[in-house]
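Chemist: Below is one structure. I have some questions about it.
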Amino acid sequence: MHSPLIPDDVIARIRSRAAGYDRDNVFPHEDLAELIRLGYLGLFASTDQGGRGLGLAGVAREQRRLAAAAPATALAINMHLVWTGVAKALRDRGDESLAFVLDEAVAGEIFAFGNSEPGNDLVLLDSRTRADRHPDGSYSFTGRKIFTSLSPVWTRLGVFGRDDTSPDAPQLVHAFIDRAAGGYRIEDDWDTLGMRATQSHTTILEGVTAPADRVFRRIAPGPSADPLVFAIFANFEILVAAVYAGIADRALELAVQAAHRRTSLKSGGRPYASDPDIRHRVAEAAIALDALEPQIDALGRDVDELVDHGTRWFSKLVGVKVRATETARVVVDQAIRVTGGSAMSNSSELGRLYRDVLAGMFHPSDDESAHATVANSLLGPVTE
């Protein structure tokens, strides 16, 4: 097991800024600058490339620790890490199509996701965005992308859209656009209940062109065995799970502190840490949280070690994401009950964690989609 990359004093500074970013609804530029100095953009790149040489399991541990200090910062940088993790997962499997992502990440480029679309519950399996092919192999994209984390800072945006005009159409076309390109705009519309510092603004693609050398996949709509789909899914689900596990870690820590700090007049001034109901709540939260680490770590190592779970891979991945996000909500809820009414204050860190943890239910795969995936894996498709 590797030593944590982020020193304790940096973690403390990142935690100290989180409330201000949330209050002011601004991007955590200072956090990002500190992470860049530590080589965070190149976590997945090999040491030969100038990166940190971590696998998915190691990056998940780093993200869990970062999220315990600043959930929104961790969730924002997650999107860059997903793309670099995808590049590594493909390379590990003999696919060099995204090798440039790792090189550019080490050089300081910041990658973000422009995949989510309003009304598209098929996620990666289809797209509402139009992809128009040009004779030189480049593509122009027209559509609306939502939840584009890292909006103020990304330099490379991964997008995909549907090509219905090529001879082999329909095809889903995946490409990267450059921030310096024309033909898109970012709306200033991110003012949310939680995860505010991610600054995940809507991005409107208005014919922005990706050069031919940045068009890296064309896949038929629908379920696909293409390694890109697996790599995106694996990195996204495991790293999201790690972020929400980190929120739960901090919530439990705050609950323990509150139990020792609060005293009961009814019991003659004894701390609430001696109250059997409070002890039960803290223990219940800890028992639930203890189950997450081995699951996240084991699946991350399986990706790193090229373990073949066959058709069970997707059900395992949606399972760990749902368990992590739902467990985190339970742990935060118990922590609030232990802490009492002070958690209602706008200045309460636990109150902020409560708002942040709610976002977990909206990340793909949501609860309904996850259950459908697992059911299909075990029972097969629904028959008429």
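Ligands are numbered from 1 in the order shown, chains are lettered A, B, ... in the order of the structure tokens, and residues start at 1 in each chain.
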According to DSSP computed on the backbone, where in region 18-259 of chain A is there strand (DSSP E or B)? Give the residues as JSON, numbers by chain.

Modeler: {"A": [111, 112, 113, 114, 130, 131, 132, 133, 139, 140, 141, 142, 143, 144, 145, 146, 147, 148, 156, 157, 158, 159, 160, 161, 162, 163, 171, 172, 173, 174, 175, 176, 177, 178, 184, 185, 186, 201, 202, 203, 204, 205, 206, 207, 208, 209, 210, 215, 216, 217, 218, 219]}

Chemist: Using the chain letters and numbers from this document, which residues of region 87-282 of chain A does DSSP assign to alpha helix (DSSP H), as an NGL selection string?

Modeler: :A and (87-92 or 99-106 or 227-261 or 276-282)

Chemist: So which residues touch Tyr21 (chain A) within 6 Å, counting only C-alpha atoms, skipping near sequence neighbours fewer than 4 positions away, as JSON, numbers by chain?

Modeler: {"A": [25, 26, 197]}

Chemist: Create the file for the chosen residues now, containing all heavy atoms and written as an mmCIF file, in the first residue's frame.

Modeler:
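What landed in out_7.cif:
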```
data_model
loop_
_atom_site.group_PDB
_atom_site.id
_atom_site.type_symbol
_atom_site.label_atom_id
_atom_site.label_comp_id
_atom_site.auth_asym_id
_atom_site.auth_seq_id
_atom_site.Cartn_x
_atom_site.Cartn_y
_atom_site.Cartn_z
ATOM 1 N N ASN A 25 -19.958 29.810 -4.098
ATOM 2 C CA ASN A 25 -20.295 29.119 -5.341
ATOM 3 C C ASN A 25 -19.237 29.390 -6.411
ATOM 4 O O ASN A 25 -19.528 29.822 -7.532
ATOM 5 C CB ASN A 25 -21.684 29.552 -5.839
ATOM 6 C CG ASN A 25 -22.198 28.660 -6.959
ATOM 7 O OD1 ASN A 25 -21.886 27.478 -7.014
ATOM 8 N ND2 ASN A 25 -22.998 29.234 -7.862
ATOM 9 N N VAL A 26 -17.981 29.098 -6.057
ATOM 10 C CA VAL A 26 -16.866 29.344 -6.964
ATOM 11 C C VAL A 26 -16.000 28.089 -7.078
ATOM 12 O O VAL A 26 -16.040 27.198 -6.231
ATOM 13 C CB VAL A 26 -15.993 30.529 -6.503
ATOM 14 C CG1 VAL A 26 -16.792 31.823 -6.559
ATOM 15 C CG2 VAL A 26 -15.433 30.296 -5.097
ATOM 16 N N ALA A 197 -18.793 23.663 -5.631
ATOM 17 C CA ALA A 197 -17.483 24.053 -6.143
ATOM 18 C C ALA A 197 -17.060 23.272 -7.381
ATOM 19 O O ALA A 197 -16.076 23.634 -8.031
ATOM 20 C CB ALA A 197 -16.421 23.908 -5.050
#
```

Chemist: Where does region 286-330 of chain A meet region 342-356 of chain A within 12 Å, residue by residue, with the nearest atom pair and distance in Å to one decimal for each, counting only C-alpha atoms, listed by chain and rising number, as a Markdown table?

Modeler:
```
| residue | atom | partner | partner_atom | distance |
| --- | --- | --- | --- | --- |
| A:Thr325 | CA | A:Asp356 | CA | 10.8 |
| A:Ala328 | CA | A:Tyr354 | CA | 9.4 |
| A:Arg329 | CA | A:Tyr354 | CA | 7.6 |
| A:Val330 | CA | A:Tyr354 | CA | 10.1 |
```

Chemist: Glu368 (chain A): which residues within 12 Å, counting only C-alpha atoms, same-chain residues fewer than 6 positions away excluded, as a list of chain:residue names?

Modeler: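 Close residues of Glu368 (chain A): A:Asp121, A:Val318, A:Gly319, A:Val322, A:Met361, A:Phe362, A:Val374, A:Ala375.
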
Chemist: For the selection just defined, write its residues with N, CA, C and O atoms to a file, as an mmCIF file, in the first residue's frame.

Modeler:
```cif
data_model
loop_
_atom_site.group_PDB
_atom_site.id
_atom_site.type_symbol
_atom_site.label_atom_id
_atom_site.label_comp_id
_atom_site.auth_asym_id
_atom_site.auth_seq_id
_atom_site.Cartn_x
_atom_site.Cartn_y
_atom_site.Cartn_z
ATOM 1 N N ASP A 121 -31.373 9.012 -20.809
ATOM 2 C CA ASP A 121 -31.167 8.025 -19.750
ATOM 3 C C ASP A 121 -30.436 6.778 -20.261
ATOM 4 O O ASP A 121 -30.225 5.829 -19.514
ATOM 5 N N VAL A 318 -21.831 -1.191 -11.037
ATOM 6 C CA VAL A 318 -22.975 -0.397 -10.579
ATOM 7 C C VAL A 318 -23.259 -0.682 -9.110
ATOM 8 O O VAL A 318 -23.676 0.205 -8.357
ATOM 9 N N GLY A 319 -23.005 -1.923 -8.695
ATOM 10 C CA GLY A 319 -23.244 -2.276 -7.302
ATOM 11 C C GLY A 319 -22.376 -1.488 -6.345
ATOM 12 O O GLY A 319 -22.853 -0.973 -5.325
ATOM 13 N N VAL A 322 -23.587 2.227 -6.184
ATOM 14 C CA VAL A 322 -24.831 2.416 -5.430
ATOM 15 C C VAL A 322 -24.595 2.178 -3.934
ATOM 16 O O VAL A 322 -25.068 2.934 -3.085
ATOM 17 N N MET A 361 -26.907 10.245 -5.602
ATOM 18 C CA MET A 361 -27.992 9.483 -6.208
ATOM 19 C C MET A 361 -28.192 9.820 -7.685
ATOM 20 O O MET A 361 -28.841 9.076 -8.417
ATOM 21 N N PHE A 362 -27.602 10.925 -8.149
ATOM 22 C CA PHE A 362 -27.829 11.353 -9.525
ATOM 23 C C PHE A 362 -26.734 10.914 -10.493
ATOM 24 O O PHE A 362 -26.927 10.985 -11.701
ATOM 25 N N VAL A 374 -28.201 -5.311 -12.778
ATOM 26 C CA VAL A 374 -27.948 -6.527 -12.001
ATOM 27 C C VAL A 374 -28.992 -7.595 -12.321
ATOM 28 O O VAL A 374 -28.663 -8.776 -12.490
ATOM 29 N N ALA A 375 -30.252 -7.193 -12.436
ATOM 30 C CA ALA A 375 -31.303 -8.147 -12.759
ATOM 31 C C ALA A 375 -31.071 -8.794 -14.131
ATOM 32 O O ALA A 375 -31.228 -10.012 -14.293
#
```

Chemist: Show which residues sit within 7 Å of Leu125 (chain A), as a CSV table (one decimal) with all heavy atoms, in the first residue's frame. Count only C-alpha atoms, and ignore same-chain residues fewer than 3 positions away.

Modeler:
```csv
chain,number,residue,atom,x,y,z
A,122,LEU,N,-30.0,6.8,-21.5
A,122,LEU,CA,-29.2,5.7,-22.1
A,122,LEU,C,-27.7,6.0,-21.8
A,122,LEU,O,-26.9,5.1,-22.1
A,122,LEU,CB,-29.5,5.5,-23.6
A,122,LEU,CG,-30.9,4.9,-23.9
A,122,LEU,CD1,-31.1,4.9,-25.4
A,122,LEU,CD2,-31.0,3.5,-23.3
A,221,PRO,N,-24.6,2.4,-31.7
A,221,PRO,CA,-25.5,2.7,-30.5
A,221,PRO,C,-25.9,1.3,-29.8
A,221,PRO,O,-25.9,0.3,-30.5
A,221,PRO,CB,-26.7,3.4,-31.0
A,221,PRO,CG,-26.2,4.0,-32.3
A,221,PRO,CD,-25.2,3.1,-32.9
A,222,GLY,N,-26.2,1.4,-28.6
A,222,GLY,CA,-26.6,0.2,-27.8
A,222,GLY,C,-25.5,-0.4,-27.0
A,222,GLY,O,-24.4,0.1,-27.0
A,223,PRO,N,-25.8,-1.5,-26.3
A,223,PRO,CA,-24.8,-2.2,-25.5
A,223,PRO,C,-23.6,-2.5,-26.4
A,223,PRO,O,-23.8,-3.0,-27.5
A,223,PRO,CB,-25.5,-3.4,-25.0
A,223,PRO,CG,-27.0,-3.0,-25.0
A,223,PRO,CD,-27.1,-2.1,-26.2
```

Chemist: Just the number, please: distance in Å from CA of His260 (chain A) to CA of Ala245 (chain A), one decimal.

Modeler: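 It comes out at 23.2 Å.
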
Chemist: Closest to Val357 (chain A) among A:Glu293, A:Asp249, A:Asp168, A:Asp136, using only C-alpha atoms?

Modeler: A:Asp249

Chemist: Write out as a PyMOL selection string the residues lying within 12 Å of region 192-195 of chain A, counting only C-alpha atoms and excluding same-chain residues fewer than 2 positions away.

Modeler: chain A and resi 18-19+21-28+67+70-76+147+149-150+188-190+197-201+243-244+247+351-360+362

Chemist: One decimal, Å: what's the distance from CA of Ser166 (chain A) over to CA of Val208 (chain A), could you say?

Modeler: 18.5 Å

Chemist: CA of Gly161 (chain A) to CA of Ile146 (chain A): how many Å, to one decimal?

Modeler: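 Separation of CA of Gly161 (chain A) and CA of Ile146 (chain A): 13.7 Å.
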
Chemist: Give me the residues within 12 Å of Val59 (chain A) as a PyMOL selection string, counting only C-alpha atoms and dropping any in the same chain fewer than 4 places off.

Modeler: chain A and resi 1-6+40-45+52-55+63-66+74+77-78+80-82+84-85+88+235-236+238-243+296-297+300-301+304

Chemist: Between A:Ala291, A:Ala234, A:Leu205, A:Ala69, which has the minimum distance to Arg15 (chain A) (counting only C-alpha atoms)?

Modeler: A:Ala69

Chemist: From the options A:Trp313, A:Glu117, A:Leu157, A:Thr339, which residue's atoms come nearest to Tyr272 (chain A), counting only C-alpha atoms?

Modeler: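 Closest to Tyr272 (chain A) of all the choices is A:Thr339.
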